[in-house]
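Asker: Pasting run.txt below, which is compact mmCIF, C-alpha atoms.
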# COMPACT_ATOMS: atom_id res chain seq x y z
CA MET A 1 -6.64 16.97 -14.16
CA VAL A 2 -4.87 20.30 -14.05
CA TYR A 3 -2.49 21.65 -16.61
CA HIS A 4 -0.04 23.37 -14.30
CA LEU A 5 1.17 26.28 -16.38
CA SER A 6 -2.19 27.40 -17.73
CA LYS A 7 -4.09 26.69 -14.49
CA THR A 8 -6.83 24.98 -16.53
CA HIS A 9 -8.71 22.02 -15.21
CA VAL A 10 -10.69 19.11 -16.62
CA LYS A 11 -12.47 16.27 -14.85
CA ILE A 12 -12.51 12.94 -16.65
CA ASN A 13 -14.31 9.67 -15.97
CA ASN A 14 -12.29 6.59 -15.16
CA SER A 15 -13.28 4.96 -18.46
CA ILE A 16 -12.08 4.78 -22.06
CA ASP A 17 -14.43 7.66 -22.92
CA GLY A 18 -12.95 9.70 -20.08
CA PHE A 19 -9.40 8.88 -21.13
CA ASN A 20 -10.20 9.96 -24.69
CA ASP A 21 -11.62 13.19 -23.25
CA LEU A 22 -8.18 13.76 -21.72
CA ILE A 23 -6.52 13.37 -25.13
CA ARG A 24 -8.99 15.83 -26.68
CA TRP A 25 -8.40 18.30 -23.81
CA LEU A 26 -4.63 18.12 -24.28
CA GLN A 27 -5.04 18.63 -28.03
CA LYS A 28 -7.34 21.61 -27.40
CA LEU A 29 -4.56 23.14 -25.28
CA HIS A 30 -2.10 22.43 -28.12
CA ILE A 31 -0.08 20.12 -25.91
CA ASP A 32 1.94 17.50 -27.73
CA ILE A 33 1.21 14.27 -25.86
CA SER A 34 4.72 13.07 -26.58
CA GLU A 35 5.97 15.96 -24.43
CA ALA A 36 3.36 15.72 -21.68
CA MET A 37 3.83 14.04 -18.33
CA ILE A 38 0.89 12.97 -16.22
CA VAL A 39 1.59 13.08 -12.49
CA MET A 40 -0.95 11.26 -10.36
CA GLU A 41 -1.54 9.85 -6.94
CA HIS A 42 -0.84 6.17 -6.58
CA THR A 43 -4.34 4.66 -6.25
CA GLY A 44 -3.69 0.96 -6.68
CA LEU A 45 -6.04 -0.91 -8.96
CA TYR A 46 -8.31 2.10 -9.45
CA SER A 47 -5.86 3.55 -11.99
CA TYR A 48 -5.04 0.21 -13.66
CA CYS A 49 -7.03 0.86 -16.87
CA PHE A 50 -5.85 4.47 -17.06
CA GLU A 51 -2.23 3.37 -16.79
CA ASN A 52 -2.71 0.83 -19.59
CA PHE A 53 -4.33 3.55 -21.73
CA LEU A 54 -1.42 5.92 -21.10
CA HIS A 55 1.12 3.23 -22.00
CA GLN A 56 -0.79 2.38 -25.19
CA HIS A 57 -0.79 6.05 -26.23
CA ARG A 58 2.84 6.49 -25.19
CA ILE A 59 1.93 9.19 -22.69
CA VAL A 60 4.51 9.39 -19.93
CA PHE A 61 3.28 9.30 -16.36
CA CYS A 62 4.44 8.80 -12.84
CA LYS A 63 2.59 7.79 -9.71
CA ILE A 64 3.31 9.47 -6.39
CA SER A 65 2.06 8.36 -2.99
CA ALA A 66 -0.54 10.65 -1.43
CA LEU A 67 1.64 10.87 1.69
CA GLU A 68 4.64 12.12 -0.29
CA ILE A 69 2.54 14.85 -1.90
CA LYS A 70 1.00 15.80 1.44
CA LYS A 71 4.43 16.01 3.10
CA SER A 72 5.77 18.18 0.30
CA ILE A 73 3.07 20.84 0.67
CA GLY A 74 2.75 20.82 4.45
CA LEU A 75 -0.38 21.71 6.35
CA VAL A 76 -3.04 23.17 4.07
CA ARG A 77 -6.75 23.80 4.34
CA GLY A 78 -9.38 22.65 1.96
CA LYS A 79 -9.81 19.37 0.13
CA THR A 80 -11.62 19.05 -3.16
CA ASP A 81 -10.82 17.10 -6.31
CA ARG A 82 -9.89 20.35 -8.04
CA LEU A 83 -7.59 21.47 -5.21
CA ASP A 84 -5.99 18.02 -5.02
CA ALA A 85 -5.40 18.06 -8.78
CA ALA A 86 -3.80 21.51 -8.56
CA ARG A 87 -1.54 20.41 -5.70
CA ILE A 88 -0.48 17.27 -7.56
CA ALA A 89 0.22 19.34 -10.70
CA GLU A 90 2.29 21.79 -8.68
CA TYR A 91 4.19 18.96 -7.04
CA GLY A 92 4.88 17.42 -10.45
CA TYR A 93 6.05 20.72 -11.90
CA GLU A 94 8.39 21.41 -8.97
CA LYS A 95 9.87 17.90 -9.01
CA LYS A 96 9.78 17.30 -12.78
CA ASP A 97 13.52 16.76 -13.02
CA ARG A 98 13.49 14.07 -10.33
CA LEU A 99 10.32 12.16 -11.19
CA ILE A 100 10.69 8.57 -12.33
CA VAL A 101 8.54 7.59 -15.28
CA ASP A 102 6.46 4.43 -14.82
CA LYS A 103 7.40 1.75 -17.31
CA PRO A 104 4.97 -0.80 -18.75
CA LEU A 105 4.83 -3.96 -16.68
CA SER A 106 5.03 -7.49 -17.99
CA ASN A 107 1.79 -9.48 -18.02
CA ASP A 108 3.17 -11.64 -15.20
CA LEU A 109 3.91 -8.60 -13.07
CA LYS A 110 0.44 -7.16 -13.76
CA ARG A 111 -1.07 -10.50 -12.76
CA LEU A 112 1.06 -10.52 -9.63
CA GLN A 113 -0.16 -7.04 -8.68
CA VAL A 114 -3.82 -8.06 -8.98
CA LEU A 115 -3.22 -11.32 -7.12
CA HIS A 116 -1.39 -9.51 -4.32
CA SER A 117 -4.05 -6.82 -4.04
CA THR A 118 -6.76 -9.49 -3.84
CA TYR A 119 -4.72 -11.45 -1.30
CA GLN A 120 -4.31 -8.37 0.91
CA ARG A 121 -8.01 -7.55 0.66
CA LEU A 122 -9.01 -11.08 1.73
CA VAL A 123 -6.53 -11.02 4.61
CA ARG A 124 -8.04 -7.73 5.84
CA HIS A 125 -11.59 -9.08 5.57
CA ARG A 126 -10.57 -12.26 7.39
CA ALA A 127 -9.03 -10.19 10.19
CA ALA A 128 -12.25 -8.18 10.48
CA LEU A 129 -14.26 -11.41 10.78
CA ILE A 130 -11.92 -12.73 13.48
CA ASN A 131 -12.27 -9.47 15.42
CA ALA A 132 -16.06 -9.59 15.07
CA LEU A 133 -16.01 -13.18 16.33
CA LYS A 134 -14.09 -12.06 19.45
CA GLU A 135 -16.61 -9.26 20.00
CA TYR A 136 -19.55 -11.66 19.68
CA LYS A 137 -17.99 -13.98 22.23
CA TYR A 138 -17.26 -11.04 24.52
CA ILE A 139 -20.89 -9.99 24.58
CA GLY A 140 -21.90 -13.54 25.43
CA ILE A 141 -23.08 -15.08 22.19
CA ALA A 142 -22.86 -18.86 22.54
CA GLU A 143 -20.43 -20.93 20.50
CA LYS A 144 -23.29 -22.87 18.89
CA ASP A 145 -25.18 -19.73 17.83
CA LEU A 146 -25.69 -19.22 14.10
CA ILE A 147 -23.88 -15.87 14.30
CA ILE A 148 -20.69 -17.53 15.55
CA GLN A 149 -21.05 -20.50 13.19
CA ALA A 150 -21.54 -18.20 10.16
CA GLN A 151 -18.42 -16.22 11.12
CA ARG A 152 -16.40 -19.40 11.52
CA GLN A 153 -17.53 -20.72 8.14
CA LEU A 154 -16.62 -17.45 6.44
CA ILE A 155 -13.20 -17.48 8.11
CA LYS A 156 -12.65 -21.06 6.85
CA ASN A 157 -13.60 -19.99 3.33
CA PHE A 158 -11.28 -17.00 3.54
CA ASP A 159 -8.46 -19.26 4.76
CA LYS A 160 -9.02 -21.56 1.77
CA GLN A 161 -9.06 -18.72 -0.77
CA ILE A 162 -6.07 -16.97 0.81
CA LYS A 163 -4.12 -20.22 0.58
CA LYS A 164 -5.04 -20.56 -3.13
CA LEU A 165 -4.02 -16.97 -3.85
CA LYS A 166 -0.72 -17.42 -2.02
CA SER A 167 -0.04 -20.54 -4.07
CA GLU A 168 -0.83 -18.71 -7.33
CA ILE A 169 1.42 -15.80 -6.29
CA GLU A 170 4.28 -18.22 -5.65
CA MET A 171 3.67 -19.92 -8.99
CA VAL A 172 3.84 -16.60 -10.89
CA ILE A 173 7.03 -15.63 -9.02
CA ASN A 174 8.67 -19.00 -9.62
CA LYS A 175 7.82 -18.82 -13.34
CA GLN A 176 10.04 -15.73 -13.73
CA PRO A 177 13.51 -15.87 -12.21
CA ALA A 178 13.73 -12.05 -12.26
CA LEU A 179 10.76 -11.82 -9.89
CA LYS A 180 12.38 -14.18 -7.39
Kindly present the structure from the file in structure tokens form.

Answerer:
Amino acid sequence: MVYHLSKTHVKINNSIDGFNDLIRWLQKLHIDISEAMIVMEHTGLYSYCFENFLHQHRIVFCKISALEIKKSIGLVRGKTDRLDAARIAEYGYEKKDRLIVDKPLSNDLKRLQVLHSTYQRLVRHRAALINALKEYKYIGIAEKDLIIQAQRQLIKNFDKQIKKLKSEIEMVINKQPALK
């Protein structure tokens, strides 16, 4: 994390202890957390616990796509966590009047996010297995070979789990008319 105006930097762990380190760091800098805004890259589920922590402590934050940040700064050299943090802080400071604060999500919407993320992950893995199967056939591995049979069984299992996830996603959506 970088505090833009003072150019100071702190690295925190993605854990409750790390999040509490952030609070202590902000206090050390005499920053009122009710006036702070955390600007961060959108990282999917990786930031899930951090976002919940920020909401619980009423710390405002907004997530920006890495591509949006990259486009805003143009071609630059160097890539380290510290440099990335500084660039994100600068982006946030420049765009502070236009940033949209992330609001807490309902439990159903949180569940939907995790279900969808899992669904997408399984679909990607299934596609990789199908591609591997084509490659195995291309190099001449017989249909009855254990390699092909193992791939087919995994694909069947993925199909089954993907179907279950899709059903659960639909159930969560149907439970809340606003999500439809």

Asker: So which one's closest to Ile130 of chain A, A:Ile31, A:Ala36, A:Ile69, A:Ala150? Using only C-alpha atoms, please.

Answerer: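 Comparing A:Ile31, A:Ala36, A:Ile69, A:Ala150 against Ile130 of chain A, the winner is A:Ala150.
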
Asker: Which polymer residues have any atom within 9 Å of an atom of segment 102-107 of chain A, counting all atoms listed in the file, with same-chain residues fewer than 3 positions away left out, as a PDB file with C-alpha atoms, keeping the file's coordinate frame?

Answerer:
ATOM      1  CA  GLU A  51      -2.230   3.370 -16.790  1.00  0.00           C
ATOM      2  CA  ASN A  52      -2.710   0.830 -19.590  1.00  0.00           C
ATOM      3  CA  HIS A  55       1.120   3.230 -22.000  1.00  0.00           C
ATOM      4  CA  VAL A  60       4.510   9.390 -19.930  1.00  0.00           C
ATOM      5  CA  PHE A  61       3.280   9.300 -16.360  1.00  0.00           C
ATOM      6  CA  CYS A  62       4.440   8.800 -12.840  1.00  0.00           C
ATOM      7  CA  LYS A  63       2.590   7.790  -9.710  1.00  0.00           C
ATOM      8  CA  LYS A 110       0.440  -7.160 -13.760  1.00  0.00           C
ATOM      9  CA  ARG A 111      -1.070 -10.500 -12.760  1.00  0.00           C
ATOM     10  CA  LEU A 112       1.060 -10.520  -9.630  1.00  0.00           C
TER      11      LEU A 112
END

Asker: Could you tell me how far atom CA of Ile38 of chain A lies from atom CA of Lys79 of chain A, in Å and to one decimal?

Answerer: 20.6 Å

Asker: Taking only C-alpha atoms into account, name the residue in A:Ile64, A:Asp159, A:Val101, A:Tyr119 that is nearest to Arg87 of chain A.

Answerer: A:Ile64

Asker: Around (-9.5, 18.5, -8.3) in the file's frame, which residues reach within 8 Å when counting all atoms listed in the file? Return as a tab-separated table (two decimals) with C-alpha atoms, in the coordinates of the input?

Answerer:
chain	number	residue	atom	x	y	z
A	1	MET	CA	-6.64	16.97	-14.16
A	2	VAL	CA	-4.87	20.30	-14.05
A	9	HIS	CA	-8.71	22.02	-15.21
A	11	LYS	CA	-12.47	16.27	-14.85
A	80	THR	CA	-11.62	19.05	-3.16
A	81	ASP	CA	-10.82	17.10	-6.31
A	82	ARG	CA	-9.89	20.35	-8.04
A	83	LEU	CA	-7.59	21.47	-5.21
A	84	ASP	CA	-5.99	18.02	-5.02
A	85	ALA	CA	-5.40	18.06	-8.78
A	86	ALA	CA	-3.80	21.51	-8.56

Asker: Between atom CA of Ile148 of chain A and atom CA of Arg121 of chain A, what is the distance in Å, rounded to a tenth?

Answerer: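 These two atoms are separated by 22.0 Å.
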
Asker: Any idea what the distance is between atom CA of Tyr46 of chain A and atom CA of Gly18 of chain A?

Answerer: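 These atoms are spaced 13.9 Å apart.
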
Asker: Neighbours of Ile23 of chain A within 12 Å (all atoms listed in the file; same-chain residues fewer than 3 positions away dropped), as a PyMOL selection string?

Answerer: chain A and resi 1+10+12+16-20+26-34+36+38+53-54+57-59

Asker: Let me make sure I understand: among A:Leu99, A:Ala142, A:Lys71, A:Ser15, which one has the smallest atom-to-atom distance to Met40 of chain A if we use only C-alpha atoms?

Answerer: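 Between A:Leu99, A:Ala142, A:Lys71, A:Ser15, the residue approaching Met40 of chain A most closely is A:Leu99.
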
Asker: List the spatial neighbours of Gln113 of chain A as a ChimeraX atom specification - criterion: any atom at most 9 Å away, all atoms listed in the file, same-chain residues fewer than 4 positions off excluded.

Answerer: /A:44-45,108-109,117-118

Asker: Could you check which residues have any atom within 8 Å of (8.5, 22.4, -1.7), counting only C-alpha atoms with coordinates taken straight from the file, and then list them as a list in words?

Answerer: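 Checking each residue against the 8 Å limit leaves Ser72, Ile73, Tyr91 and Glu94 of chain A.
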
Asker: Do a neighbour search on Gln151 of chain A at 9 Å with all atoms listed in the file, toss out local chain neighbours closer than 2 positions, and write the hits as a PyMOL selection string.

Answerer: chain A and resi 129-130+132-133+146-149+153-156

Asker: With distances taken over all atoms listed in the file, which residue among A:Asn174, A:Asn131, A:Gln120, A:Ser65 lies nearest Gln161 of chain A?

Answerer: A:Gln120
